[in-house]
>>> print(open('model.txt').read())   # compact mmCIF, C-alpha atoms
# COMPACT_ATOMS: atom_id res chain seq x y z
CA MET A 1 69.09 61.93 83.04
CA SER A 2 66.75 59.01 82.44
CA THR A 3 64.01 61.46 81.46
CA LEU A 4 66.17 62.90 78.70
CA ASN A 5 67.29 59.47 77.54
CA GLY A 6 63.64 58.42 77.34
CA ALA A 7 62.84 61.49 75.26
CA ILE A 8 65.71 60.73 72.88
CA ASP A 9 64.50 57.15 72.51
CA ALA A 10 60.94 58.32 71.85
CA LEU A 11 62.14 60.76 69.20
CA GLU A 12 64.20 58.06 67.52
CA ARG A 13 61.11 55.82 67.34
CA ASN A 14 58.68 58.48 66.15
CA SER A 15 60.14 61.89 65.32
CA ALA A 16 56.80 63.10 63.91
CA ASP A 17 55.46 63.06 67.46
CA TRP A 18 58.12 65.51 68.66
CA GLN A 19 55.65 68.00 70.16
CA SER A 20 54.12 65.39 72.42
CA VAL A 21 57.57 64.10 73.41
CA LEU A 22 58.68 67.65 74.20
CA GLN A 23 55.60 68.34 76.32
CA ASP A 24 55.87 65.04 78.21
CA THR A 25 59.58 65.58 78.82
CA THR A 26 59.02 69.12 80.08
CA GLU A 27 56.34 67.92 82.49
CA GLN A 28 58.54 65.11 83.78
CA LEU A 29 61.55 67.40 84.23
CA THR A 30 59.35 69.84 86.15
CA LYS A 31 58.19 67.01 88.43
CA ASP A 32 61.77 65.84 88.88
CA ALA A 33 62.94 69.35 89.73
CA GLN A 34 60.10 69.86 92.20
CA SER A 35 60.95 66.56 93.84
CA THR A 36 64.61 67.53 94.05
CA VAL A 37 63.76 70.89 95.59
CA ARG A 38 61.43 69.22 98.12
CA ASN A 39 64.18 66.78 99.07
CA GLU A 40 66.77 69.53 99.43
CA ILE A 41 64.45 71.59 101.64
CA ALA A 42 63.66 68.55 103.78
CA ASN A 43 67.37 67.78 104.15
CA LEU A 44 68.10 71.37 105.09
CA LEU A 45 65.34 71.43 107.70
CA ASN A 46 66.54 68.12 109.15
CA ARG A 47 70.10 69.42 109.46
CA LEU A 48 68.88 72.64 111.07
CA PHE A 49 66.74 70.71 113.53
CA GLN A 50 69.62 68.39 114.42
CA ASN A 51 71.91 71.37 115.01
CA LEU A 52 69.32 73.03 117.23
CA VAL A 53 68.85 69.85 119.25
CA VAL A 54 72.62 69.48 119.70
CA ARG A 55 72.94 73.11 120.81
CA ASP A 56 70.01 72.81 123.22
CA THR A 57 71.41 69.68 124.85
CA ARG A 58 74.82 71.34 125.23
CA THR A 59 73.36 74.35 127.02
CA PHE A 60 71.03 72.15 129.08
CA PHE A 61 73.83 70.05 130.53
>>> encode(input="model.txt", output="structure tokens")
Amino acid sequence: MSTLNGAIDALERNSADWQSVLQDTTEQLTKDAQSTVRNEIANLLNRLFQNLVVRDTRTFF
């Protein structure tokens, strides 16, 4: 959300530079999305690992 707010602010200051603002915003949103996907995958793998550890300890004892 802050990325889009920053783009709106930049356009309000200098609308003639809209192409640059659009490109910068697109790049930042892509980075944000990639970061979100990485975090979601890491969280998923952590949950899977924790479930496997719990199952292994239950069958071990």
>>> atom_distance(input="model.txt", atom1="atom CA of A:Leu4", atom2="atom CA of A:Gln34")
16.4 Å
>>> atom_distance(input="model.txt", atom1="atom CA of A:Asn43", atom2="atom CA of A:Asn5")
27.9 Å
>>> atom_distance(input="model.txt", atom1="atom CA of A:Ala7", atom2="atom CA of A:Val21")
6.2 Å
>>> residues_near_point(input="model.txt", point="(59.8, 64.3, 78.6)", cutoff="9 Å", atoms="only C-alpha atoms", output="MDAnalysis selection string")
chainID A and resid 3:8 20:29
>>> build_atoms(input="model.txt", residues="stretch 27-51 of chain A", atoms="N, CA and C atoms", output="CSV table (one decimal), keeping the file's coordinate frame")
chain,number,residue,atom,x,y,z
A,27,GLU,N,57.1,68.2,81.3
A,27,GLU,CA,56.3,67.9,82.5
A,27,GLU,C,57.1,67.0,83.4
A,28,GLN,N,57.8,66.0,82.9
A,28,GLN,CA,58.5,65.1,83.8
A,28,GLN,C,59.7,65.8,84.4
A,29,LEU,N,60.4,66.7,83.7
A,29,LEU,CA,61.6,67.4,84.2
A,29,LEU,C,61.1,68.4,85.3
A,30,THR,N,59.9,69.0,85.1
A,30,THR,CA,59.4,69.8,86.2
A,30,THR,C,59.1,69.0,87.4
A,31,LYS,N,58.5,67.9,87.3
A,31,LYS,CA,58.2,67.0,88.4
A,31,LYS,C,59.5,66.6,89.1
A,32,ASP,N,60.5,66.2,88.3
A,32,ASP,CA,61.8,65.8,88.9
A,32,ASP,C,62.4,67.0,89.6
A,33,ALA,N,62.4,68.2,89.1
A,33,ALA,CA,62.9,69.4,89.7
A,33,ALA,C,62.2,69.7,91.0
A,34,GLN,N,60.9,69.6,91.0
A,34,GLN,CA,60.1,69.9,92.2
A,34,GLN,C,60.4,68.8,93.3
A,35,SER,N,60.6,67.6,92.9
A,35,SER,CA,61.0,66.6,93.8
A,35,SER,C,62.3,66.8,94.4
A,36,THR,N,63.3,67.2,93.6
A,36,THR,CA,64.6,67.5,94.0
A,36,THR,C,64.6,68.7,95.0
A,37,VAL,N,63.9,69.7,94.7
A,37,VAL,CA,63.8,70.9,95.6
A,37,VAL,C,63.1,70.5,96.9
A,38,ARG,N,62.1,69.7,96.9
A,38,ARG,CA,61.4,69.2,98.1
A,38,ARG,C,62.4,68.4,99.0
A,39,ASN,N,63.2,67.6,98.3
A,39,ASN,CA,64.2,66.8,99.1
A,39,ASN,C,65.3,67.7,99.7
A,40,GLU,N,65.7,68.6,98.9
A,40,GLU,CA,66.8,69.5,99.4
A,40,GLU,C,66.3,70.3,100.6
A,41,ILE,N,65.0,70.8,100.5
A,41,ILE,CA,64.4,71.6,101.6
A,41,ILE,C,64.3,70.7,102.9
A,42,ALA,N,63.8,69.5,102.7
A,42,ALA,CA,63.7,68.6,103.8
A,42,ALA,C,65.0,68.2,104.4
A,43,ASN,N,66.0,68.0,103.6
A,43,ASN,CA,67.4,67.8,104.2
A,43,ASN,C,67.9,69.0,104.9
A,44,LEU,N,67.7,70.2,104.4
A,44,LEU,CA,68.1,71.4,105.1
A,44,LEU,C,67.4,71.5,106.4
A,45,LEU,N,66.1,71.3,106.5
A,45,LEU,CA,65.3,71.4,107.7
A,45,LEU,C,65.8,70.4,108.7
A,46,ASN,N,66.1,69.2,108.2
A,46,ASN,CA,66.5,68.1,109.2
A,46,ASN,C,67.9,68.5,109.8
A,47,ARG,N,68.8,69.0,108.9
A,47,ARG,CA,70.1,69.4,109.5
A,47,ARG,C,70.0,70.6,110.5
A,48,LEU,N,69.1,71.5,110.1
A,48,LEU,CA,68.9,72.6,111.1
A,48,LEU,C,68.3,72.1,112.4
A,49,PHE,N,67.3,71.3,112.3
A,49,PHE,CA,66.7,70.7,113.5
A,49,PHE,C,67.8,70.0,114.4
A,50,GLN,N,68.6,69.1,113.7
A,50,GLN,CA,69.6,68.4,114.4
A,50,GLN,C,70.6,69.3,115.1
A,51,ASN,N,71.0,70.4,114.4
A,51,ASN,CA,71.9,71.4,115.0
A,51,ASN,C,71.3,72.1,116.2
